[in-house]
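Next comes work_28.tsv, a file with TSV, C-alpha atoms.
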```tsv
chain	number	residue	atom	x	y	z
A	1	LEU	CA	-2.10	-11.37	-0.49
A	2	LEU	CA	-2.51	-9.61	2.85
A	3	SER	CA	-1.31	-6.31	1.36
A	4	SER	CA	-3.99	-6.58	-1.34
A	5	PHE	CA	-6.56	-7.29	1.38
A	6	HIS	CA	-5.40	-4.32	3.45
A	7	TYR	CA	-5.50	-1.86	0.56
A	8	GLY	CA	-8.63	-3.25	-1.08
A	9	PHE	CA	-7.48	-4.38	-4.50
A	10	SER	CA	-10.49	-5.33	-6.58
A	11	PHE	CA	-8.96	-6.09	-10.00
A	12	GLY	CA	-7.31	-9.38	-10.88
A	13	GLY	CA	-5.06	-10.37	-13.76
A	14	GLY	CA	-6.07	-11.35	-17.27
A	15	ARG	CA	-5.83	-10.38	-20.88
A	16	PRO	CA	-6.97	-6.89	-21.97
A	17	GLY	CA	-10.74	-6.73	-21.87
A	18	GLU	CA	-10.98	-9.85	-19.68
A	19	VAL	CA	-9.89	-8.44	-16.32
A	20	ARG	CA	-12.54	-9.19	-13.71
A	21	LYS	CA	-13.53	-6.88	-10.88
A	22	CYS	CA	-15.01	-7.77	-7.51
A	23	LYS	CA	-17.13	-5.77	-5.05
A	24	LEU	CA	-15.34	-5.08	-1.80
A	25	LEU	CA	-18.60	-4.29	-0.03
A	26	PRO	CA	-21.35	-6.16	-1.92
A	27	GLU	CA	-24.06	-4.46	0.12
A	28	SER	CA	-22.87	-0.94	-0.74
A	29	ASP	CA	-24.15	1.21	-3.62
A	30	GLU	CA	-21.58	3.96	-3.08
A	31	THR	CA	-19.02	5.00	-5.67
A	32	THR	CA	-15.80	3.02	-5.98
A	33	SER	CA	-13.64	5.66	-4.31
A	34	LYS	CA	-15.95	5.93	-1.29
A	35	VAL	CA	-16.12	2.15	-0.95
A	36	LEU	CA	-12.32	1.91	-1.05
A	37	VAL	CA	-11.91	4.50	1.70
A	38	SER	CA	-14.58	2.78	3.79
A	39	TRP	CA	-12.88	-0.56	3.26
A	40	GLN	CA	-9.48	0.74	4.29
A	41	HIS	CA	-10.87	2.24	7.49
A	42	LYS	CA	-12.56	-1.07	8.34
A	43	VAL	CA	-9.29	-2.96	7.81
A	44	VAL	CA	-7.39	-0.52	10.02
A	45	GLU	CA	-9.93	-1.08	12.79
A	46	VAL	CA	-9.63	-4.88	12.69
A	47	ARG	CA	-5.83	-4.58	12.58
A	48	LYS	CA	-6.03	-2.40	15.69
A	49	ILE	CA	-7.90	-5.19	17.48
A	50	ALA	CA	-5.28	-7.72	16.38
A	51	THR	CA	-2.48	-5.39	17.48
A	52	LEU	CA	-3.82	-4.25	20.85
A	53	LYS	CA	-5.64	-7.40	21.98
A	54	ASN	CA	-3.66	-10.07	20.14
A	55	ASP	CA	-7.00	-11.30	18.83
A	56	THR	CA	-7.22	-12.04	15.10
A	57	ARG	CA	-10.78	-13.39	14.98
A	58	VAL	CA	-12.39	-10.23	13.56
A	59	TYR	CA	-9.45	-9.80	11.16
A	60	GLN	CA	-9.89	-13.38	9.96
A	61	GLU	CA	-13.62	-12.89	9.47
A	62	MET	CA	-13.04	-9.86	7.26
A	63	LEU	CA	-10.28	-11.64	5.34
A	64	ARG	CA	-12.58	-14.59	4.71
A	65	GLY	CA	-15.18	-12.26	3.24
A	66	TYR	CA	-12.56	-10.65	1.00
A	67	LEU	CA	-11.34	-14.02	-0.26
A	68	LYS	CA	-14.92	-15.12	-0.90
A	69	ASN	CA	-15.73	-12.07	-3.04
A	70	CYS	CA	-12.30	-11.28	-4.51
A	71	ARG	CA	-10.49	-14.61	-4.63
A	72	HIS	CA	-9.57	-14.17	-8.31
A	73	VAL	CA	-7.76	-10.91	-7.46
A	74	VAL	CA	-5.19	-12.53	-5.15
A	75	ASP	CA	-5.12	-16.08	-6.55
A	76	ASN	CA	-1.36	-16.32	-7.23
A	77	ALA	CA	-1.11	-12.72	-8.42
A	78	TYR	CA	2.50	-13.04	-9.66
A	79	VAL	CA	1.48	-15.96	-11.85
A	80	GLN	CA	-1.44	-13.93	-13.21
A	81	PHE	CA	0.92	-11.06	-14.03
A	82	LEU	CA	3.46	-13.26	-15.79
A	83	ASP	CA	0.94	-15.46	-17.62
A	84	PRO	CA	-2.36	-13.61	-18.09
A	85	ASN	CA	-3.53	-16.13	-20.69
A	86	SER	CA	-3.56	-19.44	-18.83
A	87	PHE	CA	-2.34	-18.59	-15.27
A	88	ASP	CA	0.09	-21.51	-15.53
A	89	VAL	CA	3.03	-21.40	-13.11
A	90	ASP	CA	5.39	-23.13	-15.56
A	91	VAL	CA	4.57	-20.62	-18.30
A	92	ALA	CA	4.94	-17.83	-15.74
A	93	LEU	CA	8.41	-19.07	-14.78
A	94	TYR	CA	9.38	-19.25	-18.46
A	95	ASN	CA	8.19	-15.69	-19.06
A	96	LEU	CA	9.97	-14.54	-15.91
A	97	GLU	CA	13.30	-15.96	-17.09
A	98	ARG	CA	12.93	-14.74	-20.65
A	99	TYR	CA	11.36	-11.31	-20.34
A	100	VAL	CA	11.71	-9.86	-16.85
A	101	ILE	CA	14.73	-7.97	-15.56
A	102	VAL	CA	15.29	-9.10	-12.00
A	103	GLY	CA	16.74	-6.53	-9.63
A	104	LEU	CA	16.23	-5.11	-6.20
A	105	GLN	CA	15.53	-1.52	-5.28
A	106	GLU	CA	14.93	-0.05	-1.86
A	107	ASP	CA	11.70	1.41	-3.20
A	108	MET	CA	9.17	-0.67	-5.13
A	109	ASN	CA	8.42	2.42	-7.23
A	110	GLY	CA	11.97	2.15	-8.59
A	111	THR	CA	11.25	-1.36	-9.84
A	112	LEU	CA	7.93	-0.29	-11.36
A	113	ASP	CA	9.55	2.69	-13.09
A	114	ARG	CA	12.18	0.41	-14.59
A	115	TRP	CA	9.63	-2.10	-15.86
A	116	ARG	CA	7.50	0.70	-17.33
A	117	ASP	CA	10.46	2.17	-19.19
A	118	VAL	CA	11.47	-1.24	-20.57
A	119	ALA	CA	7.89	-1.91	-21.70
A	120	LEU	CA	7.59	1.49	-23.40
A	121	GLY	CA	10.98	1.11	-25.07
A	122	GLY	CA	9.75	-1.99	-26.86
A	123	CYS	CA	6.54	-0.35	-28.06
A	124	VAL	CA	7.67	2.95	-29.60
A	125	ASP	CA	6.60	1.89	-33.09
A	126	HIS	CA	3.16	0.71	-32.03
A	127	PRO	CA	0.34	2.75	-33.62
A	128	LYS	CA	-1.28	3.22	-30.22
A	129	PHE	CA	1.94	4.12	-28.40
A	130	PRO	CA	0.59	7.46	-27.01
A	131	GLU	CA	-2.42	5.68	-25.49
A	132	MET	CA	-0.17	2.97	-24.02
A	133	LYS	CA	2.13	5.59	-22.53
A	134	LYS	CA	-0.82	7.41	-20.97
A	135	MET	CA	-2.23	4.16	-19.56
A	136	LEU	CA	1.10	3.22	-17.92
A	137	ALA	CA	1.38	6.71	-16.45
A	138	GLN	CA	-2.06	6.30	-14.88
A	139	ARG	CA	-1.05	2.91	-13.50
A	140	LYS	CA	2.08	4.49	-11.97
A	141	ALA	CA	-0.10	7.07	-10.23
A	142	SER	CA	-2.26	4.26	-8.89
A	143	PHE	CA	0.73	2.46	-7.37
A	144	GLU	CA	1.95	5.73	-5.86
A	145	LYS	CA	-1.41	6.02	-4.07
A	146	VAL	CA	-0.85	2.52	-2.69
A	147	SER	CA	2.56	3.60	-1.32
A	148	VAL	CA	1.05	6.69	0.31
A	149	PHE	CA	-1.71	4.58	1.87
A	150	ARG	CA	0.80	2.04	3.19
A	151	GLU	CA	2.78	4.79	4.91
A	152	SER	CA	-0.37	6.40	6.33
A	153	VAL	CA	-1.43	3.25	8.21
A	154	ARG	CA	1.97	2.10	9.40
A	155	GLU	CA	1.29	3.72	12.77
A	156	VAL	CA	-1.97	4.95	14.25
A	157	GLY	CA	-2.98	6.84	17.35
A	158	VAL	CA	-5.13	4.99	19.84
A	159	GLY	CA	-6.64	5.88	23.20
A	160	ASP	CA	-4.54	4.67	26.13
A	161	GLU	CA	-6.64	4.90	29.27
A	162	GLY	CA	-3.83	3.77	31.51
A	163	SER	CA	-1.06	5.89	30.10
A	164	GLY	CA	-1.56	8.92	32.34
A	165	SER	CA	-0.82	11.23	29.44
A	166	ASN	CA	-2.69	14.50	29.07
A	167	ASP	CA	-4.23	13.75	25.71
A	168	GLY	CA	-4.81	10.04	26.40
A	169	ASN	CA	-3.30	9.03	23.07
A	170	VAL	CA	-0.35	6.88	22.13
A	171	THR	CA	0.98	5.74	18.78
A	172	VAL	CA	1.28	2.06	17.96
A	173	GLU	CA	2.59	0.24	14.90
A	174	LEU	CA	-0.13	-1.84	13.28
A	175	ILE	CA	0.74	-5.49	12.80
A	176	SER	CA	-0.08	-7.74	9.89
A	177	PRO	CA	-1.09	-10.95	11.63
A	178	ASP	CA	1.04	-14.00	10.95
A	179	VAL	CA	-0.71	-16.60	8.83
A	180	GLU	CA	0.25	-19.14	11.50
A	181	GLN	CA	-2.21	-17.38	13.83
A	182	PHE	CA	-5.14	-18.09	11.51
A	183	ASP	CA	-7.58	-20.97	11.78
A	184	ARG	CA	-6.27	-24.05	10.04
A	185	ASP	CA	-8.69	-23.92	7.10
A	186	LEU	CA	-7.82	-20.25	6.45
A	187	GLN	CA	-4.11	-21.03	6.62
A	188	GLN	CA	-4.64	-23.73	4.00
A	189	LEU	CA	-6.58	-21.37	1.74
A	190	VAL	CA	-3.93	-18.63	1.95
A	191	ARG	CA	-1.18	-21.12	1.11
A	192	GLU	CA	-3.21	-22.43	-1.82
A	193	LEU	CA	-3.62	-18.90	-3.16
A	194	THR	CA	0.10	-18.15	-2.87
A	195	ALA	CA	1.74	-21.49	-3.78
A	196	GLY	CA	2.53	-20.46	-7.36
A	197	ASP	CA	3.75	-17.06	-6.20
A	198	GLU	CA	6.14	-18.78	-3.77
A	199	ALA	CA	7.69	-20.61	-6.74
A	200	ILE	CA	8.01	-17.32	-8.64
A	201	TYR	CA	9.58	-15.61	-5.63
A	202	GLN	CA	12.11	-18.38	-5.07
A	203	ARG	CA	13.14	-18.25	-8.74
A	204	VAL	CA	13.52	-14.45	-8.55
A	205	VAL	CA	15.84	-14.84	-5.55
A	206	GLU	CA	17.89	-17.44	-7.43
A	207	MET	CA	18.13	-15.23	-10.52
A	208	PHE	CA	19.09	-12.15	-8.52
A	209	TYR	CA	21.81	-13.74	-6.42
A	210	GLY	CA	23.02	-15.80	-9.38
A	211	SER	CA	23.54	-12.58	-11.35
A	212	GLN	CA	25.65	-11.16	-8.50
A	213	LYS	CA	28.22	-13.93	-8.92
A	214	HIS	CA	29.09	-12.90	-12.49
```
Mind turning this structure into C-alpha coordinates?
Amino acid sequence: LLSSFHYGFSFGGGRPGEVRKCKLLPESDETTSKVLVSWQHKVVEVRKIATLKNDTRVYQEMLRGYLKNCRHVVDNAYVQFLDPNSFDVDVALYNLERYVIVGLQEDMNGTLDRWRDVALGGCVDHPKFPEMKKMLAQRKASFEKVSVFRESVREVGVGDEGSGSNDGNVTVELISPDVEQFDRDLQQLVRELTAGDEAIYQRVVEMFYGSQKH
(Lines of atoms letter the chains of each structure in order from A and count residues from 1; the text may use other names and numbers.)
(Lines give C-alpha, C1' and ligand atoms only; values in the text may rest on other atoms or scores of the structure.)
Protein backbone atom coordinates (compact mmCIF):
# COMPACT_ATOMS: atom_id res chain seq x y z
CA LEU A 1 0.00 0.00 0.00
CA LEU A 2 2.72 2.48 0.94
CA SER A 3 4.73 1.59 -2.17
CA SER A 4 1.69 2.37 -4.34
CA PHE A 5 1.30 5.67 -2.49
CA HIS A 6 4.98 6.53 -2.95
CA TYR A 7 5.00 5.79 -6.68
CA GLY A 8 1.54 7.19 -7.41
CA PHE A 9 -0.41 4.21 -8.71
CA SER A 10 -3.75 5.40 -10.03
CA PHE A 11 -5.26 2.22 -11.52
CA GLY A 12 -7.00 -0.44 -9.47
CA GLY A 13 -7.99 -4.00 -10.30
CA GLY A 14 -11.04 -5.20 -12.19
CA ARG A 15 -12.20 -6.97 -15.28
CA PRO A 16 -11.09 -5.67 -18.70
CA GLY A 17 -12.94 -2.48 -19.48
CA GLU A 18 -13.95 -1.99 -15.83
CA VAL A 19 -10.66 -0.82 -14.33
CA ARG A 20 -11.18 2.48 -12.54
CA LYS A 21 -8.68 5.33 -12.44
CA CYS A 22 -8.26 8.01 -9.81
CA LYS A 23 -6.77 11.52 -9.97
CA LEU A 24 -3.62 11.87 -7.90
CA LEU A 25 -3.91 15.65 -7.89
CA PRO A 26 -7.61 16.48 -8.39
CA GLU A 27 -6.85 20.18 -8.73
CA SER A 28 -4.37 19.67 -11.57
CA ASP A 29 -5.17 19.83 -15.29
CA GLU A 30 -1.70 18.71 -16.38
CA THR A 31 -1.03 15.56 -18.38
CA THR A 32 -0.78 12.24 -16.56
CA SER A 33 3.00 11.99 -16.88
CA LYS A 34 3.55 15.49 -15.47
CA VAL A 35 1.16 14.82 -12.60
CA LEU A 36 2.97 11.58 -11.76
CA VAL A 37 6.36 13.30 -11.65
CA SER A 38 4.92 16.11 -9.52
CA TRP A 39 3.35 13.57 -7.18
CA GLN A 40 6.57 11.63 -6.75
CA HIS A 41 8.51 14.78 -5.91
CA LYS A 42 5.89 15.74 -3.32
CA VAL A 43 6.11 12.29 -1.70
CA VAL A 44 9.90 12.47 -1.56
CA GLU A 45 9.66 15.82 0.23
CA VAL A 46 7.26 14.53 2.90
CA ARG A 47 9.43 11.43 3.35
CA LYS A 48 12.42 13.73 3.88
CA ILE A 49 10.54 15.45 6.71
CA ALA A 50 9.68 12.08 8.26
CA THR A 51 13.30 10.93 7.90
CA LEU A 52 15.12 14.03 9.13
CA LYS A 53 12.69 15.28 11.77
CA ASN A 54 11.01 12.03 12.80
CA ASP A 55 7.72 13.81 12.13
CA THR A 56 5.13 11.91 10.08
CA ARG A 57 2.28 14.43 10.26
CA VAL A 58 2.74 15.86 6.75
CA TYR A 59 3.31 12.34 5.38
CA GLN A 60 0.09 11.16 7.01
CA GLU A 61 -1.84 14.12 5.61
CA MET A 62 -0.71 13.30 2.08
CA LEU A 63 -1.43 9.60 2.57
CA ARG A 64 -4.94 10.41 3.79
CA GLY A 65 -5.57 12.42 0.63
CA TYR A 66 -4.31 9.55 -1.52
CA LEU A 67 -6.55 7.03 0.24
CA LYS A 68 -9.52 9.36 -0.10
CA ASN A 69 -9.09 9.75 -3.88
CA CYS A 70 -7.52 6.39 -4.76
CA ARG A 71 -8.81 3.97 -2.14
CA HIS A 72 -9.98 1.48 -4.77
CA VAL A 73 -6.43 1.25 -6.16
CA VAL A 74 -4.89 -0.11 -2.94
CA ASP A 75 -7.93 -1.80 -1.37
CA ASN A 76 -6.44 -5.30 -0.93
CA ALA A 77 -4.58 -5.17 -4.24
CA TYR A 78 -3.52 -8.86 -4.16
CA VAL A 79 -7.15 -9.87 -3.77
CA GLN A 80 -8.10 -7.63 -6.70
CA PHE A 81 -5.39 -9.24 -8.83
CA LEU A 82 -6.42 -12.80 -7.98
CA ASP A 83 -10.18 -12.22 -8.15
CA PRO A 84 -10.98 -9.25 -10.42
CA ASN A 85 -14.64 -10.26 -10.63
CA SER A 86 -15.84 -10.15 -7.03
CA PHE A 87 -12.74 -9.14 -4.98
CA ASP A 88 -13.50 -12.03 -2.62
CA VAL A 89 -10.56 -13.20 -0.48
CA ASP A 90 -11.75 -16.84 -0.47
CA VAL A 91 -12.00 -16.89 -4.26
CA ALA A 92 -8.60 -15.17 -4.43
CA LEU A 93 -7.05 -17.87 -2.23
CA TYR A 94 -8.61 -20.58 -4.41
CA ASN A 95 -7.23 -18.98 -7.57
CA LEU A 96 -3.84 -18.55 -5.90
CA GLU A 97 -3.63 -22.25 -5.05
CA ARG A 98 -4.92 -23.43 -8.40
CA TYR A 99 -3.34 -21.09 -10.93
CA VAL A 100 -0.34 -19.23 -9.51
CA ILE A 101 3.20 -20.58 -9.39
CA VAL A 102 4.65 -19.54 -6.06
CA GLY A 103 8.37 -18.87 -5.99
CA LEU A 104 10.86 -16.35 -4.77
CA GLN A 105 13.33 -14.38 -6.82
CA GLU A 106 15.80 -11.78 -5.65
CA ASP A 107 14.33 -9.41 -8.22
CA MET A 108 10.58 -8.84 -8.55
CA ASN A 109 11.10 -8.49 -12.31
CA GLY A 110 12.09 -12.16 -12.35
CA THR A 111 8.73 -13.12 -10.86
CA LEU A 112 6.85 -10.87 -13.29
CA ASP A 113 8.74 -12.30 -16.26
CA ARG A 114 7.85 -15.81 -15.15
CA TRP A 115 4.17 -15.01 -14.74
CA ARG A 116 4.09 -13.27 -18.12
CA ASP A 117 5.64 -16.27 -19.86
CA VAL A 118 3.21 -18.68 -18.18
CA ALA A 119 0.25 -16.48 -19.18
CA LEU A 120 1.42 -16.21 -22.79
CA GLY A 121 2.10 -19.93 -23.00
CA GLY A 122 -1.55 -20.63 -22.27
CA CYS A 123 -2.83 -18.17 -24.86
CA VAL A 124 -0.87 -19.02 -28.02
CA ASP A 125 -4.00 -20.18 -29.85
CA HIS A 126 -6.05 -17.12 -28.96
CA PRO A 127 -7.06 -15.07 -32.03
CA LYS A 128 -5.81 -11.89 -30.37
CA PHE A 129 -2.52 -13.40 -29.14
CA PRO A 130 -0.31 -10.71 -30.83
CA GLU A 131 -2.28 -7.94 -29.11
CA MET A 132 -2.07 -9.74 -25.77
CA LYS A 133 1.67 -10.21 -26.16
CA LYS A 134 2.12 -6.52 -26.96
CA MET A 135 -0.02 -5.49 -23.97
CA LEU A 136 2.01 -7.64 -21.55
CA ALA A 137 5.25 -6.23 -22.97
CA GLN A 138 3.97 -2.71 -22.28
CA ARG A 139 3.02 -3.73 -18.74
CA LYS A 140 6.54 -5.12 -18.22
CA ALA A 141 8.00 -1.78 -19.29
CA SER A 142 5.71 -0.06 -16.80
CA PHE A 143 6.94 -2.21 -13.92
CA GLU A 144 10.54 -1.61 -14.97
CA LYS A 145 9.88 2.14 -14.61
CA VAL A 146 8.62 1.47 -11.08
CA SER A 147 11.88 -0.37 -10.26
CA VAL A 148 13.97 2.50 -11.63
CA PHE A 149 11.95 5.01 -9.62
CA ARG A 150 12.31 2.95 -6.43
CA GLU A 151 16.10 2.91 -6.83
CA SER A 152 16.23 6.63 -7.61
CA VAL A 153 14.60 7.63 -4.30
CA ARG A 154 16.29 5.14 -2.03
CA GLU A 155 18.79 7.82 -1.01
CA VAL A 156 18.64 11.57 -1.51
CA GLY A 157 21.00 14.46 -0.94
CA VAL A 158 19.96 17.01 1.65
CA GLY A 159 21.52 20.18 3.01
CA ASP A 160 23.41 19.61 6.26
CA GLU A 161 24.11 22.98 7.83
CA GLY A 162 26.06 21.51 10.69
CA SER A 163 28.19 19.06 8.76
CA GLY A 164 31.10 21.40 8.04
CA SER A 165 31.47 19.93 4.58
CA ASN A 166 32.42 22.13 1.66
CA ASP A 167 29.32 21.50 -0.39
CA GLY A 168 26.94 21.37 2.59
CA ASN A 169 25.31 18.18 1.33
CA VAL A 170 24.97 14.72 2.79
CA THR A 171 23.15 11.63 1.58
CA VAL A 172 20.45 10.02 3.68
CA GLU A 173 18.33 6.93 3.15
CA LEU A 174 14.65 7.80 2.99
CA ILE A 175 12.46 5.90 5.42
CA SER A 176 9.00 4.52 4.87
CA PRO A 177 7.27 5.39 8.13
CA ASP A 178 6.05 2.50 10.25
CA VAL A 179 2.27 2.20 10.30
CA GLU A 180 2.54 2.10 14.10
CA GLN A 181 3.63 5.76 13.96
CA PHE A 182 0.36 6.81 12.32
CA ASP A 183 -2.69 8.22 14.07
CA ARG A 184 -4.94 5.45 15.32
CA ASP A 185 -7.71 5.99 12.76
CA LEU A 186 -5.19 5.90 9.89
CA GLN A 187 -3.63 2.73 11.28
CA GLN A 188 -7.08 1.14 11.31
CA LEU A 189 -7.77 2.21 7.73
CA VAL A 190 -4.44 0.85 6.44
CA ARG A 191 -5.05 -2.48 8.17
CA GLU A 192 -8.56 -2.64 6.71
CA LEU A 193 -7.18 -2.05 3.22
CA THR A 194 -4.54 -4.78 3.61
CA ALA A 195 -6.34 -7.45 5.67
CA GLY A 196 -7.15 -9.64 2.66
CA ASP A 197 -3.65 -9.18 1.28
CA GLU A 198 -2.21 -10.37 4.61
CA ALA A 199 -4.17 -13.62 4.19
CA ILE A 200 -2.85 -13.99 0.63
CA TYR A 201 0.72 -13.32 1.76
CA GLN A 202 0.55 -15.83 4.59
CA ARG A 203 -0.77 -18.50 2.21
CA VAL A 204 2.02 -17.73 -0.28
CA VAL A 205 4.60 -18.22 2.48
CA GLU A 206 2.99 -21.54 3.45
CA MET A 207 2.93 -22.72 -0.17
CA PHE A 208 6.52 -21.71 -0.81
CA TYR A 209 8.05 -23.30 2.27
CA GLY A 210 5.77 -26.32 1.95
CA SER A 211 7.12 -26.91 -1.56
CA GLN A 212 10.69 -26.83 -0.23
CA LYS A 213 10.02 -29.88 1.95
CA HIS A 214 9.26 -32.13 -1.04
Kindly give the distance, in Å, that separates CA of Leu52 in chain A and CA of Leu193 in chain A, rounded to a single decimal.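 CA of Leu193 in chain A lies at a distance of 28.1 Å from CA of Leu52 in chain A.
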What is the CA of Asp197 in chain A to CA of Gln60 in chain A distance in Å?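 Between CA of Asp197 in chain A and CA of Gln60 in chain A the gap is 21.5 Å.
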Could you give me, as a ChimeraX atom specification, the residues within 12 Å of Arg64 in chain A, counting only C-alpha atoms and dropping anything in the same chain fewer than 3 positions from it? /A:2,5,24,56-61,67-71,182-183,185-187,189-190
Name the residues in contact with Val19 in chain A at a cut-off of 12 Å, using all atoms listed in the file, excluding same-chain residues fewer than 2 positions from it; report them as an NGL selection string. :A and (10-17 or 21-22 or 72-73 or 80-81 or 84-85)
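The closest residue to Leu1 in chain A, picked from A:Asp90, A:Glu173, A:Asp75, A:Glu131 and counting all atoms listed in the file, is A:Asp75.
From CA of Val89 in chain A back to CA of Val204 in chain A, the distance works out to 13.4 Å.
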Of A:Leu36, A:Leu82, A:Leu174, A:Ala195, the one sitting nearest Val100 in chain A when using all atoms listed in the file is A:Leu82
Could you write range 31-47 of chain A as an mmCIF file, in the frame of the given file, with N, CA and C atoms rebuilt where they are missing?
```cif
data_model
loop_
_atom_site.group_PDB
_atom_site.id
_atom_site.type_symbol
_atom_site.label_atom_id
_atom_site.label_comp_id
_atom_site.auth_asym_id
_atom_site.auth_seq_id
_atom_site.Cartn_x
_atom_site.Cartn_y
_atom_site.Cartn_z
ATOM 1 N N THR A 31 -20.000 4.987 -4.591
ATOM 2 C CA THR A 31 -19.020 5.000 -5.670
ATOM 3 C C THR A 31 -17.766 4.233 -5.253
ATOM 4 N N THR A 32 -16.981 3.832 -6.235
ATOM 5 C CA THR A 32 -15.800 3.020 -5.980
ATOM 6 C C THR A 32 -14.839 3.678 -5.011
ATOM 7 N N SER A 33 -14.594 4.971 -5.177
ATOM 8 C CA SER A 33 -13.640 5.660 -4.310
ATOM 9 C C SER A 33 -14.116 5.682 -2.863
ATOM 10 N N LYS A 34 -15.422 5.905 -2.653
ATOM 11 C CA LYS A 34 -15.950 5.930 -1.290
ATOM 12 C C LYS A 34 -15.903 4.546 -0.658
ATOM 13 N N VAL A 35 -16.185 3.521 -1.453
ATOM 14 C CA VAL A 35 -16.120 2.150 -0.950
ATOM 15 C C VAL A 35 -14.697 1.806 -0.540
ATOM 16 N N LEU A 36 -13.719 2.217 -1.354
ATOM 17 C CA LEU A 36 -12.320 1.910 -1.050
ATOM 18 C C LEU A 36 -11.892 2.554 0.261
ATOM 19 N N VAL A 37 -12.256 3.813 0.447
ATOM 20 C CA VAL A 37 -11.910 4.500 1.700
ATOM 21 C C VAL A 37 -12.581 3.821 2.878
ATOM 22 N N SER A 38 -13.850 3.473 2.727
ATOM 23 C CA SER A 38 -14.580 2.780 3.790
ATOM 24 C C SER A 38 -13.927 1.453 4.115
ATOM 25 N N TRP A 39 -13.539 0.734 3.081
ATOM 26 C CA TRP A 39 -12.880 -0.560 3.260
ATOM 27 C C TRP A 39 -11.582 -0.406 4.050
ATOM 28 N N GLN A 40 -10.776 0.548 3.652
ATOM 29 C CA GLN A 40 -9.480 0.740 4.290
ATOM 30 C C GLN A 40 -9.626 1.089 5.771
ATOM 31 N N HIS A 41 -10.625 1.897 6.089
ATOM 32 C CA HIS A 41 -10.870 2.240 7.490
ATOM 33 C C HIS A 41 -11.291 0.997 8.286
ATOM 34 N N LYS A 42 -12.118 0.160 7.676
ATOM 35 C CA LYS A 42 -12.560 -1.070 8.340
ATOM 36 C C LYS A 42 -11.367 -1.988 8.617
ATOM 37 N N VAL A 43 -10.469 -2.100 7.640
ATOM 38 C CA VAL A 43 -9.290 -2.960 7.810
ATOM 39 C C VAL A 43 -8.391 -2.428 8.916
ATOM 40 N N VAL A 44 -8.206 -1.112 8.960
ATOM 41 C CA VAL A 44 -7.390 -0.520 10.020
ATOM 42 C C VAL A 44 -7.976 -0.852 11.386
ATOM 43 N N GLU A 45 -9.284 -0.796 11.503
ATOM 44 C CA GLU A 45 -9.930 -1.080 12.790
ATOM 45 C C GLU A 45 -9.713 -2.529 13.229
ATOM 46 N N VAL A 46 -9.823 -3.479 12.296
ATOM 47 C CA VAL A 46 -9.630 -4.880 12.690
ATOM 48 C C VAL A 46 -8.153 -5.174 12.951
ATOM 49 N N ARG A 47 -7.271 -4.427 12.282
ATOM 50 C CA ARG A 47 -5.830 -4.580 12.580
ATOM 51 C C ARG A 47 -5.509 -4.009 13.955
#
```
